[in-house]
>>> print(open('start_18.pdb').read())   # PDB, C-alpha atoms
ATOM      1  CA  MET E   1      76.529  98.014 -12.365  1.00  0.00           C
ATOM      2  CA  MET E   2      74.241  95.101 -13.141  1.00  0.00           C
ATOM      3  CA  ILE E   3      72.842  94.415 -16.577  1.00  0.00           C
ATOM      4  CA  THR E   4      70.537  91.682 -17.733  1.00  0.00           C
ATOM      5  CA  PRO E   5      71.637  88.963 -20.145  1.00  0.00           C
ATOM      6  CA  GLY E   6      69.379  90.513 -22.776  1.00  0.00           C
ATOM      7  CA  GLU E   7      71.047  93.902 -22.422  1.00  0.00           C
ATOM      8  CA  LEU E   8      74.461  92.289 -22.640  1.00  0.00           C
ATOM      9  CA  LEU E   9      73.446  90.469 -25.812  1.00  0.00           C
ATOM     10  CA  ASP E  10      72.010  93.652 -27.348  1.00  0.00           C
ATOM     11  CA  THR E  11      75.226  95.550 -26.630  1.00  0.00           C
ATOM     12  CA  SER E  12      77.403  92.742 -27.969  1.00  0.00           C
ATOM     13  CA  ILE E  13      75.354  92.430 -31.143  1.00  0.00           C
ATOM     14  CA  ALA E  14      75.535  96.184 -31.780  1.00  0.00           C
ATOM     15  CA  GLN E  15      79.302  96.266 -31.266  1.00  0.00           C
ATOM     16  CA  LEU E  16      79.877  93.262 -33.515  1.00  0.00           C
ATOM     17  CA  GLN E  17      77.679  94.787 -36.227  1.00  0.00           C
ATOM     18  CA  THR E  18      79.744  97.970 -36.064  1.00  0.00           C
ATOM     19  CA  LEU E  19      82.961  95.967 -36.357  1.00  0.00           C
ATOM     20  CA  ALA E  20      81.580  93.912 -39.255  1.00  0.00           C
ATOM     21  CA  ALA E  21      80.446  97.054 -41.091  1.00  0.00           C
ATOM     22  CA  PHE E  22      83.875  98.654 -40.657  1.00  0.00           C
ATOM     23  CA  LEU E  23      85.646  95.525 -41.853  1.00  0.00           C
ATOM     24  CA  GLY E  24      83.279  95.237 -44.810  1.00  0.00           C
ATOM     25  CA  ASP E  25      83.992  98.850 -45.771  1.00  0.00           C
ATOM     26  CA  GLN E  26      87.728  98.230 -45.555  1.00  0.00           C
ATOM     27  CA  LEU E  27      87.455  95.157 -47.759  1.00  0.00           C
ATOM     28  CA  GLY E  28      85.331  97.099 -50.239  1.00  0.00           C
ATOM     29  CA  ASP E  29      88.000  99.771 -50.518  1.00  0.00           C
ATOM     30  CA  LYS E  30      90.646  97.144 -51.254  1.00  0.00           C
ATOM     31  CA  ARG E  31      88.713  95.606 -54.153  1.00  0.00           C
ATOM     32  CA  ASP E  32      89.918  98.410 -56.405  1.00  0.00           C
ATOM     33  CA  ARG E  33      93.550  97.504 -55.732  1.00  0.00           C
ATOM     34  CA  PRO E  34      95.352  94.658 -57.522  1.00  0.00           C
ATOM     35  CA  GLU E  35      96.874  93.339 -54.274  1.00  0.00           C
ATOM     36  CA  SER E  36      93.403  92.608 -52.860  1.00  0.00           C
ATOM     37  CA  ALA E  37      93.968  88.858 -53.309  1.00  0.00           C
ATOM     38  CA  THR E  38      96.653  88.811 -50.608  1.00  0.00           C
ATOM     39  CA  SER E  39      96.527  86.460 -47.667  1.00  0.00           C
ATOM     40  CA  GLU E  40      95.693  89.458 -45.469  1.00  0.00           C
ATOM     41  CA  ALA E  41      92.582  90.215 -47.529  1.00  0.00           C
ATOM     42  CA  ARG E  42      91.533  86.556 -47.427  1.00  0.00           C
ATOM     43  CA  ALA E  43      91.983  86.520 -43.643  1.00  0.00           C
ATOM     44  CA  CYS E  44      89.817  89.636 -43.341  1.00  0.00           C
ATOM     45  CA  LYS E  45      87.096  87.981 -45.416  1.00  0.00           C
ATOM     46  CA  GLU E  46      87.205  84.936 -43.127  1.00  0.00           C
ATOM     47  CA  ILE E  47      86.944  87.178 -40.075  1.00  0.00           C
ATOM     48  CA  LEU E  48      83.969  88.961 -41.603  1.00  0.00           C
ATOM     49  CA  LEU E  49      82.231  85.642 -42.258  1.00  0.00           C
ATOM     50  CA  SER E  50      82.928  84.510 -38.695  1.00  0.00           C
ATOM     51  CA  LEU E  51      81.557  87.771 -37.298  1.00  0.00           C
ATOM     52  CA  SER E  52      78.414  87.378 -39.402  1.00  0.00           C
ATOM     53  CA  ALA E  53      77.869  83.855 -38.066  1.00  0.00           C
ATOM     54  CA  LEU E  54      78.449  85.007 -34.495  1.00  0.00           C
ATOM     55  CA  ILE E  55      75.960  87.852 -34.893  1.00  0.00           C
ATOM     56  CA  LEU E  56      73.318  85.385 -36.119  1.00  0.00           C
ATOM     57  CA  LYS E  57      73.945  83.112 -33.124  1.00  0.00           C
ATOM     58  CA  LEU E  58      73.725  86.017 -30.685  1.00  0.00           C
ATOM     59  CA  ARG E  59      70.479  87.192 -32.276  1.00  0.00           C
ATOM     60  CA  ALA E  60      69.051  83.694 -31.777  1.00  0.00           C
ATOM     61  CA  ALA E  61      70.199  83.720 -28.149  1.00  0.00           C
ATOM     62  CA  ARG E  62      68.626  87.159 -27.696  1.00  0.00           C
ATOM     63  CA  HIS E  63      65.386  85.864 -29.146  1.00  0.00           C
ATOM     64  CA  MET E  64      65.422  83.064 -26.565  1.00  0.00           C
ATOM     65  CA  THR E  65      65.890  85.544 -23.690  1.00  0.00           C
ATOM     66  CA  ALA E  66      63.051  87.676 -25.035  1.00  0.00           C
ATOM     67  CA  GLU E  67      60.768  84.650 -24.713  1.00  0.00           C
ATOM     68  CA  GLY E  68      61.633  84.320 -21.034  1.00  0.00           C
ATOM     69  CA  GLN E  69      64.149  81.510 -21.270  1.00  0.00           C
ATOM     70  CA  SER E  70      67.243  82.100 -19.178  1.00  0.00           C
ATOM     71  CA  ILE E  71      70.815  81.843 -20.337  1.00  0.00           C
ATOM     72  CA  GLY E  72      73.113  80.276 -17.808  1.00  0.00           C
ATOM     73  CA  ARG E  73      72.379  80.133 -14.104  1.00  0.00           C
ATOM     74  CA  ARG E  74      72.461  83.818 -13.211  1.00  0.00           C
ATOM     75  CA  GLU E  75      69.677  86.291 -13.847  1.00  0.00           C
ATOM     76  CA  ASP E  76      72.046  89.266 -13.991  1.00  0.00           C
ATOM     77  CA  CYS E  77      75.613  89.746 -15.147  1.00  0.00           C
ATOM     78  CA  GLU E  78      77.957  92.043 -13.301  1.00  0.00           C
ATOM     79  CA  VAL E  79      79.981  94.436 -15.426  1.00  0.00           C
ATOM     80  CA  SER E  80      82.940  96.277 -13.990  1.00  0.00           C
TER      81      SER E  80
END
>>> encode(input="start_18.pdb", output="structure tokens")
Amino acid sequence: MMITPGELLDTSIAQLQTLAAFLGDQLGDKRDRPESATSEARACKEILLSLSALILKLRAARHMTAEGQSIGRREDCEVS
């Protein structure tokens, strides 16, 4: 099955947003607990920030493909 770079970006963005929302919900639930300041909670917050930055970068890349600029050398990406 062949998908375009734009479709791949759209799918990736949607999946990362779902992951970020889940992680954000999990962190929100832990705020009520006194052990929320653990290294595990801090690591989760860092992951959430990294996901947010990645989503912004992918949105910018998607915007570039929408304007007709290509990403990479191939027009289509093969997905197995």
>>> atom_distance(input="start_18.pdb", atom1="CA of Gln26 in chain E", atom2="CA of Ala60 in chain E")
27.4 Å
>>> resolve_selection(input="start_18.pdb", expression="the PyMOL selection byres ((chain E and resi 49) around 12)", output="list in words")
Leu16, Gln17, Leu19, Ala20, Ala21, Leu23, Gly24, Arg42, Ala43, Cys44, Lys45, Glu46, Ile47, Leu48, Ser50, Leu51, Ser52, Ala53, Leu54, Ile55 and Leu56 of chain E
>>> atom_distance(input="start_18.pdb", atom1="CA of Ala61 in chain E", atom2="CA of Leu9 in chain E")
7.8 Å
>>> atom_distance(input="start_18.pdb", atom1="CA of Arg62 in chain E", atom2="CA of Gly28 in chain E")
29.8 Å
>>> build_atoms(input="start_18.pdb", residues="range 36-59 of chain E", atoms="N, CA, C and O atoms", output="compact mmCIF listing (two decimals), in the coordinates of the input")
# COMPACT_ATOMS: atom_id res chain seq x y z
N SER E 36 94.51 93.00 -53.73
CA SER E 36 93.40 92.61 -52.86
C SER E 36 93.31 91.10 -52.65
O SER E 36 92.59 90.64 -51.78
N ALA E 37 94.02 90.32 -53.44
CA ALA E 37 93.97 88.86 -53.31
C ALA E 37 95.04 88.34 -52.35
O ALA E 37 95.34 87.16 -52.34
N THR E 38 95.60 89.22 -51.54
CA THR E 38 96.65 88.81 -50.61
C THR E 38 96.08 87.94 -49.50
O THR E 38 94.86 87.89 -49.29
N SER E 39 96.97 87.30 -48.79
CA SER E 39 96.53 86.46 -47.67
C SER E 39 95.87 87.31 -46.59
O SER E 39 94.96 86.85 -45.89
N GLU E 40 96.31 88.56 -46.45
CA GLU E 40 95.69 89.46 -45.47
C GLU E 40 94.23 89.73 -45.82
O GLU E 40 93.36 89.70 -44.96
N ALA E 41 93.95 89.97 -47.08
CA ALA E 41 92.58 90.22 -47.53
C ALA E 41 91.72 88.97 -47.33
O ALA E 41 90.57 89.07 -46.91
N ARG E 42 92.29 87.81 -47.63
CA ARG E 42 91.53 86.56 -47.43
C ARG E 42 91.23 86.35 -45.95
O ARG E 42 90.14 85.92 -45.58
N ALA E 43 92.19 86.66 -45.09
CA ALA E 43 91.98 86.52 -43.64
C ALA E 43 90.88 87.47 -43.18
O ALA E 43 90.04 87.09 -42.35
N CYS E 44 90.86 88.68 -43.70
CA CYS E 44 89.82 89.64 -43.34
C CYS E 44 88.44 89.14 -43.77
O CYS E 44 87.46 89.31 -43.05
N LYS E 45 88.37 88.53 -44.94
CA LYS E 45 87.10 87.98 -45.42
C LYS E 45 86.63 86.86 -44.50
O LYS E 45 85.44 86.76 -44.19
N GLU E 46 87.56 86.02 -44.05
CA GLU E 46 87.20 84.94 -43.13
C GLU E 46 86.72 85.50 -41.80
O GLU E 46 85.75 84.99 -41.22
N ILE E 47 87.37 86.54 -41.32
CA ILE E 47 86.94 87.18 -40.08
C ILE E 47 85.54 87.75 -40.24
O ILE E 47 84.70 87.60 -39.35
N LEU E 48 85.29 88.39 -41.35
CA LEU E 48 83.97 88.96 -41.60
C LEU E 48 82.89 87.87 -41.62
O LEU E 48 81.82 88.05 -41.04
N LEU E 49 83.18 86.75 -42.25
CA LEU E 49 82.23 85.64 -42.26
C LEU E 49 82.00 85.10 -40.85
O LEU E 49 80.86 84.80 -40.46
N SER E 50 83.05 84.99 -40.08
CA SER E 50 82.93 84.51 -38.70
C SER E 50 82.11 85.48 -37.85
O SER E 50 81.27 85.05 -37.05
N LEU E 51 82.34 86.77 -38.03
CA LEU E 51 81.56 87.77 -37.30
C LEU E 51 80.08 87.68 -37.66
O LEU E 51 79.21 87.77 -36.80
N SER E 52 79.81 87.49 -38.95
CA SER E 52 78.41 87.38 -39.40
C SER E 52 77.73 86.17 -38.76
O SER E 52 76.58 86.27 -38.32
N ALA E 53 78.44 85.05 -38.69
CA ALA E 53 77.87 83.86 -38.07
C ALA E 53 77.64 84.08 -36.57
O ALA E 53 76.61 83.68 -36.03
N LEU E 54 78.58 84.73 -35.92
CA LEU E 54 78.45 85.01 -34.49
C LEU E 54 77.27 85.93 -34.22
O LEU E 54 76.51 85.72 -33.27
N ILE E 55 77.09 86.93 -35.06
CA ILE E 55 75.96 87.85 -34.89
C ILE E 55 74.64 87.09 -35.01
O ILE E 55 73.72 87.30 -34.21
N LEU E 56 74.54 86.19 -35.97
CA LEU E 56 73.32 85.38 -36.12
C LEU E 56 73.06 84.54 -34.88
O LEU E 56 71.92 84.43 -34.41
N LYS E 57 74.11 83.93 -34.32
CA LYS E 57 73.94 83.11 -33.12
C LYS E 57 73.52 83.95 -31.93
O LYS E 57 72.68 83.54 -31.13
N LEU E 58 74.10 85.14 -31.80
CA LEU E 58 73.72 86.02 -30.68
C LEU E 58 72.29 86.52 -30.82
O LEU E 58 71.57 86.66 -29.83
N ARG E 59 71.87 86.78 -32.05
CA ARG E 59 70.48 87.19 -32.28
C ARG E 59 69.52 86.07 -31.86
O ARG E 59 68.47 86.32 -31.27
